[in-house]
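A.B. asks: Pasting target30.tsv below, which is TSV, C-alpha atoms.
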chain	number	residue	atom	x	y	z
A	1	ARG	CA	125.11	68.84	88.94
A	2	ARG	CA	122.13	70.85	90.23
A	3	ARG	CA	124.30	73.97	89.92
A	4	ALA	CA	124.98	73.11	86.26
A	5	GLU	CA	121.24	72.59	85.72
A	6	LEU	CA	120.42	75.93	87.31
A	7	ARG	CA	123.13	77.67	85.29
A	8	ALA	CA	121.67	76.17	82.15
A	9	LEU	CA	118.36	77.85	83.01
A	10	ALA	CA	120.35	81.10	82.89
A	11	LEU	CA	117.83	82.91	85.04
A	12	GLY	CA	118.31	86.48	86.02
A	13	GLN	CA	120.59	87.46	83.20
A	14	GLY	CA	120.55	91.05	82.22
A	15	ASP	CA	120.10	94.15	84.30
A	16	PHE	CA	117.08	95.65	85.97
A	17	GLN	CA	116.51	99.35	86.67
A	18	LEU	CA	114.14	100.01	89.52
A	19	ARG	CA	113.74	102.31	92.53
A	20	ASP	CA	113.76	101.43	96.22
A	21	GLN	CA	111.33	102.53	98.91
A	22	GLU	CA	113.28	105.78	99.38
A	23	GLY	CA	113.02	106.52	95.67
A	24	ARG	CA	116.71	105.81	95.04
A	25	PRO	CA	117.55	104.17	91.69
A	26	ARG	CA	118.75	100.59	92.04
A	27	ARG	CA	120.20	98.43	89.30
A	28	LYS	CA	120.99	94.74	89.46
A	29	ALA	CA	124.68	95.63	89.03
A	30	ASP	CA	124.49	97.56	92.33
A	31	PHE	CA	124.17	94.20	94.11
A	32	ARG	CA	127.32	92.69	92.61
A	33	GLY	CA	129.60	91.43	95.33
A	34	GLN	CA	126.62	90.66	97.59
A	35	TRP	CA	124.64	87.53	98.33
A	36	VAL	CA	120.97	88.27	97.68
A	37	LEU	CA	117.72	86.52	98.63
A	38	LEU	CA	115.02	87.84	96.29
A	39	TYR	CA	111.23	87.49	96.38
A	40	PHE	CA	108.62	88.81	93.94
A	41	GLY	CA	105.22	89.70	95.40
A	42	PHE	CA	102.80	92.54	96.10
A	43	THR	CA	101.63	94.44	99.17
A	44	HIS	CA	97.90	93.66	98.73
A	45	CYS	CA	98.69	89.96	98.99
A	46	PRO	CA	96.30	88.06	101.35
A	47	ASP	CA	98.70	85.59	102.96
A	48	VAL	CA	101.48	84.12	100.84
A	49	CYS	CA	103.71	87.22	100.54
A	50	PRO	CA	103.74	88.07	104.27
A	51	GLU	CA	104.52	84.41	105.01
A	52	GLU	CA	107.31	84.17	102.43
A	53	LEU	CA	108.82	87.53	103.40
A	54	GLY	CA	108.66	86.52	107.07
A	55	LYS	CA	110.45	83.30	106.16
A	56	LEU	CA	113.03	85.17	104.04
A	57	SER	CA	113.64	87.63	106.89
A	58	HIS	CA	114.07	84.79	109.37
A	59	ALA	CA	116.53	82.99	107.06
A	60	VAL	CA	118.61	86.17	106.85
A	61	GLU	CA	118.53	86.48	110.66
A	62	LEU	CA	119.69	82.87	111.08
A	63	LEU	CA	122.63	83.52	108.77
A	64	GLU	CA	123.47	86.77	110.61
A	65	ARG	CA	123.87	84.76	113.80
A	66	GLU	CA	126.65	82.66	112.26
A	67	PRO	CA	130.04	84.32	112.72
A	68	GLY	CA	132.22	84.84	109.68
A	69	LEU	CA	129.53	84.70	107.01
A	70	PRO	CA	129.07	87.55	104.54
A	71	PRO	CA	125.78	89.46	105.00
A	72	VAL	CA	122.83	88.52	102.81
A	73	GLN	CA	120.80	91.29	101.19
A	74	PRO	CA	117.05	90.62	101.39
A	75	LEU	CA	115.22	91.99	98.34
A	76	PHE	CA	111.53	92.32	97.47
A	77	ILE	CA	110.40	93.28	93.97
A	78	THR	CA	106.75	94.09	93.32
A	79	VAL	CA	104.60	92.42	90.65
A	80	ASP	CA	101.99	95.18	91.17
A	81	PRO	CA	103.69	98.45	90.16
A	82	GLU	CA	100.33	100.21	89.73
A	83	ARG	CA	99.64	100.17	93.47
A	84	ASP	CA	103.05	99.43	94.97
A	85	ASP	CA	104.80	102.77	94.70
A	86	ALA	CA	107.76	103.71	96.92
A	87	ALA	CA	105.49	104.90	99.76
A	88	ALA	CA	103.42	101.69	99.71
A	89	MET	CA	106.62	99.60	99.70
A	90	GLY	CA	108.01	101.59	102.62
A	91	ARG	CA	104.89	100.97	104.73
A	92	TYR	CA	104.84	97.28	103.90
A	93	LEU	CA	108.50	96.55	104.53
A	94	ARG	CA	108.44	97.92	108.08
A	95	ASP	CA	107.08	94.58	109.31
A	96	PHE	CA	110.00	92.55	108.00
A	97	HIS	CA	113.79	92.48	108.18
A	98	PRO	CA	115.26	95.98	108.76
A	99	ARG	CA	117.61	95.64	105.77
A	100	LEU	CA	114.86	94.40	103.43
A	101	LEU	CA	114.88	96.57	100.30
A	102	GLY	CA	111.73	96.94	98.24
A	103	LEU	CA	111.98	97.76	94.55
A	104	THR	CA	109.39	99.17	92.21
A	105	GLY	CA	109.24	101.11	88.97
A	106	THR	CA	107.16	101.62	85.87
A	107	PRO	CA	105.11	98.64	84.63
A	108	GLU	CA	107.67	98.11	81.85
A	109	GLU	CA	110.66	98.15	84.23
A	110	VAL	CA	108.93	95.79	86.66
A	111	ARG	CA	107.85	93.44	83.88
A	112	ALA	CA	111.43	93.32	82.55
A	113	ALA	CA	112.82	92.48	86.00
A	114	GLY	CA	110.22	89.74	86.52
A	115	SER	CA	110.67	88.17	83.12
A	116	ALA	CA	114.43	87.89	83.66
A	117	TYR	CA	113.54	85.45	86.46
A	118	ARG	CA	110.69	83.84	84.49
A	119	VAL	CA	108.29	85.14	87.11
A	120	TYR	CA	104.64	84.64	86.15
A	121	ALA	CA	102.38	87.47	87.28
A	122	SER	CA	98.75	88.05	86.32
A	123	ALA	CA	96.43	90.59	87.91
A	124	GLY	CA	92.94	89.24	88.55
A	125	PRO	CA	89.62	91.00	87.98
A	126	ARG	CA	88.96	94.21	89.95
A	127	ASP	CA	86.04	94.53	92.36
A	128	GLU	CA	84.04	97.73	92.80
A	129	ASP	CA	86.72	99.15	95.13
A	130	GLY	CA	89.29	98.61	92.40
A	131	ASP	CA	90.95	95.93	94.53
A	132	TYR	CA	92.46	92.86	92.83
A	133	ILE	CA	94.78	89.98	93.57
A	134	VAL	CA	97.90	89.28	91.50
A	135	ASP	CA	98.47	85.62	90.86
A	136	HIS	CA	102.23	85.05	90.71
A	137	THR	CA	105.13	82.60	90.96
A	138	ILE	CA	106.01	81.93	94.59
A	139	LEU	CA	109.76	81.48	94.88
A	140	ILE	CA	112.67	82.90	96.84
A	141	TYR	CA	115.74	83.25	94.60
A	142	LEU	CA	119.34	83.07	95.77
A	143	LEU	CA	121.80	85.23	93.82
A	144	GLY	CA	125.54	84.92	94.29
A	145	PRO	CA	128.08	87.75	94.42
A	146	ASP	CA	128.65	87.48	90.66
A	147	GLY	CA	124.96	88.35	90.16
A	148	LEU	CA	124.08	84.89	88.89
A	149	PHE	CA	121.10	82.87	90.02
A	150	LEU	CA	122.27	79.97	92.22
A	151	ASP	CA	119.17	78.38	93.72
A	152	CYS	CA	115.48	78.87	94.46
A	153	TYR	CA	113.21	77.88	97.34
A	154	GLY	CA	109.49	77.13	97.21
A	155	ARG	CA	106.70	77.28	99.79
A	156	SER	CA	107.67	73.98	101.36
A	157	LYS	CA	111.18	75.14	102.33
A	158	SER	CA	111.53	76.49	105.86
A	159	ALA	CA	113.72	79.40	106.93
A	160	GLN	CA	116.12	76.82	108.38
A	161	ASP	CA	116.21	74.94	105.04
A	162	ILE	CA	116.99	78.17	103.21
A	163	ALA	CA	119.69	79.28	105.65
A	164	ARG	CA	121.29	75.85	105.47
A	165	SER	CA	121.27	75.92	101.68
A	166	VAL	CA	122.69	79.44	101.49
A	167	ARG	CA	125.42	78.43	103.93
A	168	ARG	CA	126.29	75.46	101.70
A	169	HIS	CA	126.46	77.70	98.62
A	170	MET	CA	128.69	80.14	100.48
A	171	ASP	CA	131.03	77.32	101.49
A	172	THR	CA	131.34	75.97	97.97
A	173	TYR	CA	131.23	79.25	96.08
A	174	GLU	CA	133.94	79.84	93.52
A	175	PRO	CA	134.04	83.27	91.90
A	176	LEU	CA	133.94	83.29	88.13
A	177	PRO	CA	137.29	84.04	86.55
A	178	ASP	CA	137.46	87.70	85.40
B	1	VAL	CA	90.72	107.75	92.28
B	2	ALA	CA	92.81	107.51	95.47
B	3	LYS	CA	94.67	104.24	95.84
B	4	MET	CA	93.50	102.13	98.75
B	5	SER	CA	96.36	101.37	101.13
B	6	ALA	CA	97.24	97.73	101.59
B	7	PRO	CA	96.24	96.27	104.96
B	8	THR	CA	98.85	96.69	107.71
B	9	MET	CA	100.27	93.71	109.60
B	10	GLU	CA	97.75	94.31	112.42
B	11	GLU	CA	94.87	94.37	109.94
B	12	ARG	CA	96.16	91.21	108.23
B	13	LYS	CA	96.35	89.38	111.54
B	14	ALA	CA	92.84	90.53	112.50
B	15	CYS	CA	91.59	89.24	109.15
B	16	TRP	CA	93.39	85.89	109.48
B	17	GLY	CA	92.10	85.50	113.04
B	18	ALA	CA	88.50	86.15	111.96
B	19	ARG	CA	88.94	83.74	109.06
B	20	ASP	CA	90.33	81.04	111.37
B	21	GLU	CA	87.45	81.45	113.83
B	22	PHE	CA	84.96	81.16	110.99
B	23	TRP	CA	86.70	78.08	109.59
B	24	GLN	CA	86.88	76.44	113.03
B	25	CYS	CA	83.13	77.01	113.37
B	26	LEU	CA	82.56	75.39	109.97
B	27	ASP	CA	84.75	72.46	111.04
B	28	ARG	CA	82.65	72.01	114.18
B	29	HIS	CA	79.40	72.12	112.18
B	30	ALA	CA	80.37	70.00	109.18
B	31	ASP	CA	80.50	73.07	106.93
B	32	ASP	CA	76.96	74.17	107.75
B	33	ALA	CA	77.46	77.88	107.16
B	34	SER	CA	74.04	78.75	108.65
B	35	LYS	CA	75.46	77.83	112.06
B	36	CYS	CA	78.30	80.32	111.66
B	37	GLU	CA	76.65	83.48	110.38
B	38	LYS	CA	77.98	85.78	113.07
B	39	LEU	CA	81.55	84.64	112.50
B	40	ARG	CA	81.03	84.89	108.76
B	41	ARG	CA	80.00	88.53	109.14
B	42	SER	CA	82.97	89.19	111.37
B	43	PHE	CA	85.28	87.60	108.78
B	44	GLU	CA	83.75	89.71	106.00
B	45	SER	CA	84.08	92.90	108.01
B	46	ARG	CA	87.73	92.33	108.91
B	47	CYS	CA	89.01	91.32	105.47
B	48	PRO	CA	89.05	93.10	102.12
B	49	GLN	CA	86.36	91.70	99.83
B	50	GLN	CA	89.01	90.29	97.45
B	51	TRP	CA	90.60	88.37	100.33
B	52	VAL	CA	87.24	86.93	101.43
B	53	LYS	CA	86.77	85.53	97.91
B	54	TYR	CA	90.36	84.27	97.87
B	55	PHE	CA	90.04	82.53	101.25
B	56	ASP	CA	86.67	81.01	100.29
B	57	LYS	CA	88.33	79.46	97.25
B	58	ARG	CA	91.26	78.37	99.39
B	59	ARG	CA	88.96	76.58	101.81
B	60	ASP	CA	87.27	74.76	98.96
B	61	PHE	CA	90.67	73.72	97.63
B	62	LEU	CA	91.91	72.56	101.04
B	63	LYS	CA	88.74	70.50	101.56
B	64	TYR	CA	89.07	68.95	98.10
B	65	LYS	CA	92.72	68.17	98.74
B	66	LYS	CA	91.86	66.53	102.08
B	67	LYS	CA	89.15	64.51	100.40
B	68	LEU	CA	91.62	63.25	97.80
B	69	GLU	CA	94.11	62.34	100.51
B	70	THR	CA	91.63	60.47	102.69
B	71	GLU	CA	89.22	58.98	100.16
B	72	GLY	CA	91.33	58.78	97.07
B	73	TYR	CA	90.41	59.98	93.64
B	74	HIS	CA	87.08	58.76	92.22
B	75	PRO	CA	86.58	59.53	88.54
B	76	PRO	CA	83.13	61.16	88.14
B	77	GLU	CA	81.50	58.11	86.47
B	78	ALA	CA	82.52	55.76	89.28
B	79	ASP	CA	81.47	58.04	92.15
B	80	GLY	CA	77.85	57.29	93.06
B	81	LYS	CA	78.05	58.99	96.44
B	82	SER	CA	78.18	62.81	96.14
Would you mind writing the file's structure down as structure tokens?

C.D. replies:
Amino acid sequence: RRRAELRALALGQGDFQLRDQEGRPRRKADFRGQWVLLYFGFTHCPDVCPEELGKLSHAVELLEREPGLPPVQPLFITVDPERDDAAAMGRYLRDFHPRLLGLTGTPEEVRAAGSAYRVYASAGPRDEDGDYIVDHTILIYLLGPDGLFLDCYGRSKSAQDIARSVRRHMDTYEPLPD
Amino acid sequence: VAKMSAPTMEERKACWGARDEFWQCLDRHADDASKCEKLRRSFESRCPQQWVKYFDKRRDFLKYKKKLETEGYHPPEADGKS
């Protein structure tokens, strides 16, 4: 029933066109056929984003340890395209899972990707150094191989909770008819 | 204007550590910040200004939340204490 409720939300429909930390173009369609754990955040984030990305990375590691499961693609999309260019993403991602991909783009492209997932993002006032904090939705999204949104995990969910949930989705997954 | 790089993981951890030391000092001195000036300066020097403001607000929120959990909610008119 929860799956029907989440489907009804129809999150993550439509494509996104962004670039990864190596500058390569990446579209949502490129991830078809893969399980994806996706988080929106920004590199100048004081505490929440490193914690959530650490948790996401750990969840992916836990799933990697289970034999026979398909790999999960960890994905990070910025809500701060002005500062988070490919180079900034590359530096930031080094501290997390080795396969973590970071995506950025123009403000319009990033806004379109975020709004497809109903991600709220609002940059706060700048100080004299031009620094600011972006207030944003804190969720890790699970996408299935058909590209559809399957579940989401908030701050209170541990890496173990997430891995367990992803495992359950993998066990019960039925591909959409063509 | 050159973009300021985001803090690295090492810099984040140094900031969080300084923040935690400052907050532990405040906990020991019932939030009397005058007893913790050295740690306050250390916290301010290790964290971006925006993060200092953010963590200050966070501390206020956490204290308020704890107060609600331990004392319960008193509507302003009924609260003759604070």

A.B. asks: Which one of B:Phe22, B:Arg58, B:Asp31, B:Glu37 sits closest to chain A if you count all atoms listed in the file?

C.D. replies: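 Of B:Phe22, B:Arg58, B:Asp31, B:Glu37, the one nearest chain A, counting all atoms listed in the file, is B:Arg58.
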
A.B. asks: Would you mind listing what lies within 8 Å of stretch 150-166 of chain A as a PyMOL selection string, with all atoms listed in the file counted and same-chain residues fewer than 4 positions away left out?

C.D. replies: chain A and resi 3+6-7+52+55-56+58-60+62-63+138-144+170

A.B. asks: Give the residues of chain A that lie within 7 Å of chain B; count all atoms listed in the file, and format the answer as a count of residues only.

C.D. replies: 8

A.B. asks: Rounded to one decimal place, report the atom CA of A:Asp135-atom CA of A:Tyr120 distance in Å.

C.D. replies: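 Separation between atom CA of A:Asp135 and atom CA of A:Tyr120: 7.8 Å.
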
A.B. asks: For atom CA of A:Pro145 and atom CA of A:Pro71, determine how far apart the two atoms are, in Å to one decimal place.

C.D. replies: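 Straight-line distance from atom CA of A:Pro145 to atom CA of A:Pro71 works out to 11.0 Å.
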
A.B. asks: Figure out the distance between atom CA of A:Leu100 and atom CA of A:Leu75, please, to one decimal in Å.

C.D. replies: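 Answer for the atom CA of A:Leu75 to atom CA of A:Leu100 separation: 5.6 Å.
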
A.B. asks: Starting from 4 Å padding per side, set up an axis-aligned box that covers all listed atoms of stretch 6-24 of chain B and hand over centre and edge lengths in Å, one decimal, as AutoDock Vina command-line options.

C.D. replies:
--center_x 92.6 --center_y 87.1 --center_z 107.7 --size_x 23.3 --size_y 29.3 --size_z 20.2

A.B. asks: With a distance cut-off of 12 Å and only C-alpha atoms, select the neighbouring residues of A:Arg32, excluding the residue or stretch itself and same-chain residues fewer than 5 positions from it, and output the selection as number ranges by chain.

C.D. replies: A: 15, 26-27, 72-73, 143-149, 175

A.B. asks: With all atoms listed in the file as the basis for distance, which of B:Lys53, B:Lys67, B:His74, B:Arg40 is at the shortest distance from B:Asp20?

C.D. replies: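 Using all atoms listed in the file, B:Asp20 sits closest to B:Arg40.
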
A.B. asks: Using only C-alpha atoms, which residue out of A:Arg126, A:Ala87, A:Arg24, A:Asp80 lies closest to A:Glu108?

C.D. replies: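 Using only C-alpha atoms, the shortest distance to A:Glu108 belongs to A:Asp80.
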
A.B. asks: For each of A:Glu51, A:Asp30, A:Glu64, A:Glu109, take the minimum atom-to-atom distance to A:Val79, counting only C-alpha atoms, then give the residue where this is smallest.

C.D. replies: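 Of A:Glu51, A:Asp30, A:Glu64, A:Glu109, the one nearest A:Val79, counting only C-alpha atoms, is A:Glu109.
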
A.B. asks: When you count only C-alpha atoms, which of these residues is closest to B:Gln24: B:Arg59, B:Pro75, B:Arg41, B:Thr70?

C.D. replies: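 Answer, going by the shortest atom-to-atom distance: B:Arg59.
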
A.B. asks: Please return stretch 50-61 of chain A, rebuilt to all heavy atoms, as a short mmCIF file (atom, residue, chain, number, x, y, z; two decimals), in the frame of the given file.

C.D. replies:
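Listed below is the output, part_5.cif:
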data_model
loop_
_atom_site.label_atom_id
_atom_site.label_comp_id
_atom_site.auth_asym_id
_atom_site.auth_seq_id
_atom_site.Cartn_x
_atom_site.Cartn_y
_atom_site.Cartn_z
N PRO A 50 103.24 87.85 102.90
CA PRO A 50 103.74 88.07 104.27
C PRO A 50 104.43 86.83 104.83
O PRO A 50 105.45 86.95 105.53
CB PRO A 50 102.46 88.37 105.07
CG PRO A 50 101.46 88.82 104.08
CD PRO A 50 101.81 88.18 102.78
N GLU A 51 103.88 85.64 104.51
CA GLU A 51 104.52 84.41 105.01
C GLU A 51 105.91 84.23 104.41
O GLU A 51 106.88 83.93 105.12
CB GLU A 51 103.65 83.19 104.67
CG GLU A 51 102.43 83.06 105.57
CD GLU A 51 101.43 82.01 105.07
OE1 GLU A 51 101.83 81.15 104.25
OE2 GLU A 51 100.27 82.10 105.49
N GLU A 52 106.02 84.39 103.08
CA GLU A 52 107.31 84.17 102.43
C GLU A 52 108.32 85.22 102.84
O GLU A 52 109.51 84.92 103.03
CB GLU A 52 107.14 84.14 100.90
CG GLU A 52 106.34 82.93 100.41
CD GLU A 52 106.94 81.59 100.81
OE1 GLU A 52 108.05 81.28 100.37
OE2 GLU A 52 106.31 80.87 101.60
N LEU A 53 107.89 86.48 102.98
CA LEU A 53 108.82 87.53 103.40
C LEU A 53 109.24 87.34 104.86
O LEU A 53 110.39 87.62 105.22
CB LEU A 53 108.20 88.92 103.22
CG LEU A 53 108.20 89.42 101.79
CD1 LEU A 53 107.44 90.74 101.69
CD2 LEU A 53 109.61 89.60 101.24
N GLY A 54 108.31 86.83 105.68
CA GLY A 54 108.66 86.52 107.07
C GLY A 54 109.70 85.41 107.10
O GLY A 54 110.69 85.49 107.85
N LYS A 55 109.52 84.42 106.24
CA LYS A 55 110.45 83.30 106.16
C LYS A 55 111.82 83.78 105.65
O LYS A 55 112.86 83.43 106.18
CB LYS A 55 109.86 82.26 105.19
CG LYS A 55 110.52 80.93 105.28
CD LYS A 55 109.72 79.92 104.49
CE LYS A 55 109.79 80.16 103.01
NZ LYS A 55 109.14 79.07 102.23
N LEU A 56 111.80 84.62 104.62
CA LEU A 56 113.03 85.17 104.04
C LEU A 56 113.78 85.97 105.11
O LEU A 56 115.00 85.82 105.27
CB LEU A 56 112.67 86.06 102.85
CG LEU A 56 113.74 86.44 101.83
CD1 LEU A 56 113.11 86.96 100.56
CD2 LEU A 56 114.69 87.48 102.37
N SER A 57 113.04 86.82 105.83
CA SER A 57 113.64 87.63 106.89
C SER A 57 114.27 86.74 107.95
O SER A 57 115.39 87.00 108.42
CB SER A 57 112.60 88.52 107.56
OG SER A 57 112.01 89.40 106.63
N HIS A 58 113.56 85.69 108.33
CA HIS A 58 114.07 84.79 109.37
C HIS A 58 115.33 84.06 108.88
O HIS A 58 116.29 83.88 109.65
CB HIS A 58 112.97 83.80 109.76
CG HIS A 58 113.29 82.98 110.97
ND1 HIS A 58 113.94 83.50 112.08
CD2 HIS A 58 113.08 81.68 111.25
CE1 HIS A 58 114.09 82.56 112.99
NE2 HIS A 58 113.59 81.43 112.51
N ALA A 59 115.34 83.65 107.62
CA ALA A 59 116.53 82.99 107.06
C ALA A 59 117.74 83.92 107.13
O ALA A 59 118.84 83.51 107.50
CB ALA A 59 116.28 82.56 105.62
N VAL A 60 117.52 85.19 106.80
CA VAL A 60 118.61 86.17 106.85
C VAL A 60 119.10 86.33 108.29
O VAL A 60 120.31 86.39 108.55
CB VAL A 60 118.17 87.53 106.26
CG1 VAL A 60 119.21 88.61 106.48
CG2 VAL A 60 117.89 87.38 104.77
N GLU A 61 118.16 86.37 109.23
CA GLU A 61 118.53 86.48 110.66
C GLU A 61 119.36 85.29 111.11
O GLU A 61 120.34 85.44 111.84
CB GLU A 61 117.27 86.57 111.53
CG GLU A 61 116.62 87.93 111.56
CD GLU A 61 115.21 87.88 112.15
OE1 GLU A 61 114.83 86.83 112.72
OE2 GLU A 61 114.49 88.86 111.99
#
